[in-house]
Amino acid sequence: VTLQTRAGLLPGRVEADGRISVNMGAPRLAWDAVPLTDACDTLMLPIDGSPAALSMGNPHVTFFVDDLASVDPAVRGAPLERHALFAEGANIGFAQRIGDDHLRLRVWERGAGLTLACGSGACAAAVNAMRKGLVGHACRVTMDGGDLDIVWERAGRGDVWMTGPAVVAFDGHVALAAVSA
């Protein structure tokens with residue numbers, strides 16, 4: 001199956017265990033591809049906490065913290081979402097390393113607020129952790145809404161694959177006559 005997104009076409013497949021894998025493409029690591037307003041090292045932004053940034057089709061900034069329970073993403077994420085360094089705003093992730101192949105993540109999504117899960121945010125946090133040497137090139141990302149397994153192909157030089165369960169998030173009906181009126 002191929003998913004059409006604002007970031008482009010993303011190929012996917014159903015795994016033998018019933019989970020879904022999606023090729024999220026290669027992360028964009030250059031400052032102007034995130035995009036940032038000023039040239040800087042995307043592995044250590046000049047912001048308190050030295051977060052890392054990249055684009056997975058949308059801009060992400062990841063703060064690595066020792067104790068995720070001590071961080072309120074709404075208090076910290078809301079003002080950072082529109083920081084002057086982020087040309088288009090940014091999704092703000094707070095990640096804690098649980099082990100060599102495991103992260104815990106909470107994400108403040110630009111324009112949406114705190115979310116239970118964020119696929120591109122999980123990919124961004126994993127890739128940023130891999131770039132910093134915190135985890136290997138495959139890791140599990142645990143969010144409030146569940147787990148995703150992230151693999152960065154070719155030892156960090158290829159595409160990022162995201163694998164997890166597919167669940168119904170909403171079921172509803174739209175009265176088209178009312179919408180078109």
# chains A, B, ... in the order shown; residues from 1 in each chain; ligands from 1
>>> residues_around(residues="A:Gly12", least_positions_apart="2", cutoff="6 Å", atoms="only C-alpha atoms", output="list in words")
Val1, Thr2, Ser21 and Val22 of chain A
>>> select_by_dssp(residues="stretch 26-179 of chain A", states="strand (DSSP E)", output="PyMOL selection string")
chain A and resi 52-55+59-64+91-99+102-109+113-115+138-143+146-152+160-164
>>> write_last_selection(atoms="N, CA and C atoms", output="short mmCIF file (atom, residue, chain, number, x, y, z; two decimals), in the first residue's frame")
data_model
loop_
_atom_site.label_atom_id
_atom_site.label_comp_id
_atom_site.auth_asym_id
_atom_site.auth_seq_id
_atom_site.Cartn_x
_atom_site.Cartn_y
_atom_site.Cartn_z
N ALA A 52 18.23 18.42 19.41
CA ALA A 52 18.58 18.09 18.02
C ALA A 52 17.36 18.32 17.15
N ALA A 53 17.59 18.64 15.88
CA ALA A 53 16.48 18.92 14.96
C ALA A 53 16.68 18.17 13.65
N LEU A 54 15.57 17.86 13.01
CA LEU A 54 15.56 17.28 11.67
C LEU A 54 14.16 17.39 11.12
N SER A 55 14.02 17.05 9.86
CA SER A 55 12.70 16.99 9.24
C SER A 55 12.42 15.57 8.78
N PRO A 59 8.99 19.59 10.51
CA PRO A 59 10.10 19.89 11.41
C PRO A 59 9.90 19.33 12.82
N HIS A 60 10.97 18.71 13.34
CA HIS A 60 10.96 18.14 14.68
C HIS A 60 12.20 18.57 15.45
N VAL A 61 12.00 18.84 16.73
CA VAL A 61 13.10 19.16 17.64
C VAL A 61 12.95 18.20 18.82
N THR A 62 14.06 17.55 19.19
CA THR A 62 14.03 16.57 20.28
C THR A 62 14.95 17.00 21.41
N PHE A 63 14.37 17.12 22.60
CA PHE A 63 15.13 17.36 23.83
C PHE A 63 15.31 16.02 24.53
N PHE A 64 16.53 15.68 24.88
CA PHE A 64 16.79 14.45 25.62
C PHE A 64 16.93 14.81 27.10
N ASN A 91 7.48 20.66 15.79
CA ASN A 91 6.98 19.71 16.76
C ASN A 91 8.09 19.55 17.80
N ILE A 92 7.73 19.55 19.07
CA ILE A 92 8.72 19.50 20.14
C ILE A 92 8.59 18.18 20.89
N GLY A 93 9.64 17.36 20.82
CA GLY A 93 9.64 16.08 21.50
C GLY A 93 10.54 16.11 22.72
N PHE A 94 10.12 15.40 23.76
CA PHE A 94 10.91 15.22 24.97
C PHE A 94 11.12 13.72 25.13
N ALA A 95 12.37 13.29 25.09
CA ALA A 95 12.68 11.86 25.07
C ALA A 95 13.62 11.50 26.21
N GLN A 96 13.39 10.32 26.75
CA GLN A 96 14.26 9.75 27.78
C GLN A 96 14.78 8.42 27.27
N ARG A 97 16.08 8.21 27.39
CA ARG A 97 16.68 6.93 27.03
C ARG A 97 16.36 5.92 28.12
N ILE A 98 15.69 4.84 27.74
CA ILE A 98 15.33 3.77 28.68
C ILE A 98 16.40 2.68 28.64
N GLY A 99 16.97 2.46 27.46
CA GLY A 99 18.00 1.44 27.29
C GLY A 99 18.68 1.60 25.95
N HIS A 102 15.78 1.56 23.39
CA HIS A 102 14.45 1.94 23.85
C HIS A 102 14.44 3.39 24.32
N LEU A 103 13.45 4.15 23.81
CA LEU A 103 13.20 5.53 24.23
C LEU A 103 11.78 5.66 24.74
N ARG A 104 11.56 6.58 25.65
CA ARG A 104 10.22 7.01 26.08
C ARG A 104 10.06 8.42 25.54
N LEU A 105 8.92 8.74 24.93
CA LEU A 105 8.73 10.02 24.23
C LEU A 105 7.37 10.62 24.51
N ARG A 106 7.36 11.95 24.67
CA ARG A 106 6.11 12.72 24.67
C ARG A 106 6.31 13.87 23.69
N VAL A 107 5.27 14.17 22.91
CA VAL A 107 5.39 15.15 21.83
C VAL A 107 4.33 16.24 21.94
N TRP A 108 4.81 17.48 21.83
CA TRP A 108 3.96 18.65 21.68
C TRP A 108 3.95 18.96 20.19
N GLU A 109 2.81 18.71 19.52
CA GLU A 109 2.73 18.92 18.08
C GLU A 109 2.31 20.36 17.78
N GLY A 113 -0.97 20.60 20.00
CA GLY A 113 -0.74 20.41 21.43
C GLY A 113 -0.20 19.03 21.75
N LEU A 114 -0.36 18.63 23.00
CA LEU A 114 0.16 17.34 23.46
C LEU A 114 -0.63 16.20 22.81
N THR A 115 0.08 15.23 22.25
CA THR A 115 -0.58 14.12 21.58
C THR A 115 -0.23 12.80 22.26
N ALA A 138 18.26 0.70 15.45
CA ALA A 138 16.90 0.17 15.59
C ALA A 138 16.51 0.35 17.04
N CYS A 139 15.33 0.91 17.27
CA CYS A 139 14.91 1.07 18.66
C CYS A 139 13.39 1.14 18.76
N ARG A 140 12.91 0.87 19.96
CA ARG A 140 11.49 0.99 20.27
C ARG A 140 11.27 2.37 20.89
N VAL A 141 10.18 3.01 20.48
CA VAL A 141 9.79 4.31 21.05
C VAL A 141 8.44 4.12 21.73
N THR A 142 8.41 4.33 23.03
CA THR A 142 7.18 4.18 23.80
C THR A 142 6.57 5.56 24.03
N MET A 143 5.32 5.73 23.59
CA MET A 143 4.58 6.97 23.80
C MET A 143 3.34 6.66 24.62
N GLY A 146 1.18 4.17 22.87
CA GLY A 146 1.69 2.85 22.49
C GLY A 146 3.11 2.91 21.97
N ASP A 147 3.56 1.78 21.44
CA ASP A 147 4.94 1.61 21.00
C ASP A 147 5.05 1.58 19.49
N LEU A 148 6.16 2.13 18.99
CA LEU A 148 6.54 2.01 17.59
C LEU A 148 7.98 1.53 17.53
N ASP A 149 8.28 0.68 16.58
CA ASP A 149 9.65 0.24 16.34
C ASP A 149 10.18 1.03 15.15
N ILE A 150 11.36 1.62 15.34
CA ILE A 150 11.96 2.48 14.32
C ILE A 150 13.30 1.88 13.90
N VAL A 151 13.51 1.78 12.59
CA VAL A 151 14.78 1.30 12.04
C VAL A 151 15.27 2.33 11.03
N TRP A 152 16.53 2.73 11.18
CA TRP A 152 17.16 3.63 10.20
C TRP A 152 18.08 2.76 9.36
N VAL A 160 14.00 5.65 6.89
CA VAL A 160 13.53 5.29 8.23
C VAL A 160 12.23 4.51 8.08
N TRP A 161 12.20 3.32 8.69
CA TRP A 161 10.99 2.49 8.69
C TRP A 161 10.36 2.54 10.07
N MET A 162 9.06 2.76 10.10
CA MET A 162 8.29 2.81 11.33
C MET A 162 7.31 1.63 11.33
N THR A 163 7.29 0.86 12.42
CA THR A 163 6.40 -0.30 12.50
C THR A 163 5.61 -0.26 13.80
N GLY A 164 4.31 -0.47 13.68
CA GLY A 164 3.46 -0.50 14.87
C GLY A 164 2.07 -0.97 14.53
#
>>> select_by_dssp(residues="chain A", states="helix (DSSP H, G or I)", output="JSON, numbers by chain")
{"A": [31, 32, 33, 68, 69, 70, 73, 74, 75, 76, 77, 78, 79, 80, 81, 119, 120, 121, 122, 123, 124, 125, 126, 127, 128, 129, 130, 131, 153, 154, 155, 156, 176, 177, 178, 179, 180]}
>>> closest_atom_pairs(of="stretch 130-153 of chain A", to="stretch 38-49 of chain A", cutoff="12 Å", atoms="only C-alpha atoms", output="JSON lines")
{"residue": "A:Met130", "atom": "CA", "partner": "A:Leu43", "partner_atom": "CA", "distance": 10.6}
{"residue": "A:Arg131", "atom": "CA", "partner": "A:Leu43", "partner_atom": "CA", "distance": 7.4}
{"residue": "A:Lys132", "atom": "CA", "partner": "A:Leu43", "partner_atom": "CA", "distance": 7.3}
{"residue": "A:Gly133", "atom": "CA", "partner": "A:Leu43", "partner_atom": "CA", "distance": 11.1}
>>> write_last_selection(atoms="N, CA and C atoms", output="PDB file, in the first residue's frame")
ATOM      1  N   MET A 130      19.894   8.218  17.678  1.00  0.00           N
ATOM      2  CA  MET A 130      20.912   7.455  16.945  1.00  0.00           C
ATOM      3  C   MET A 130      22.076   8.358  16.577  1.00  0.00           C
ATOM      4  N   ARG A 131      21.782   9.573  16.098  1.00  0.00           N
ATOM      5  CA  ARG A 131      22.829  10.530  15.723  1.00  0.00           C
ATOM      6  C   ARG A 131      23.690  10.906  16.927  1.00  0.00           C
ATOM      7  N   LYS A 132      23.081  10.945  18.108  1.00  0.00           N
ATOM      8  CA  LYS A 132      23.813  11.296  19.327  1.00  0.00           C
ATOM      9  C   LYS A 132      24.495  10.089  19.976  1.00  0.00           C
ATOM     10  N   GLY A 133      24.292   8.894  19.405  1.00  0.00           N
ATOM     11  CA  GLY A 133      24.908   7.701  19.950  1.00  0.00           C
ATOM     12  C   GLY A 133      24.223   7.166  21.200  1.00  0.00           C
TER      13      GLY A 133
END
>>> closest_residue(among="A:Asn128, A:Ser120, A:Gln4, A:Asn58", to="A:Met24", atoms="only C-alpha atoms")
A:Ser120
>>> closest_residue(among="A:Ala112, A:Ala125, A:Met56, A:Leu68", to="A:Glu81", atoms="only C-alpha atoms")
A:Ala112
>>> residues_around(residues="A:Asp159", least_positions_apart="4", cutoff="10 Å", atoms="only C-alpha atoms", output="number ranges by chain")
A: 23-27, 151-155
>>> atom_distance(atom1="atom CA of A:Arg19", atom2="atom CA of A:Pro165")
4.6 Å
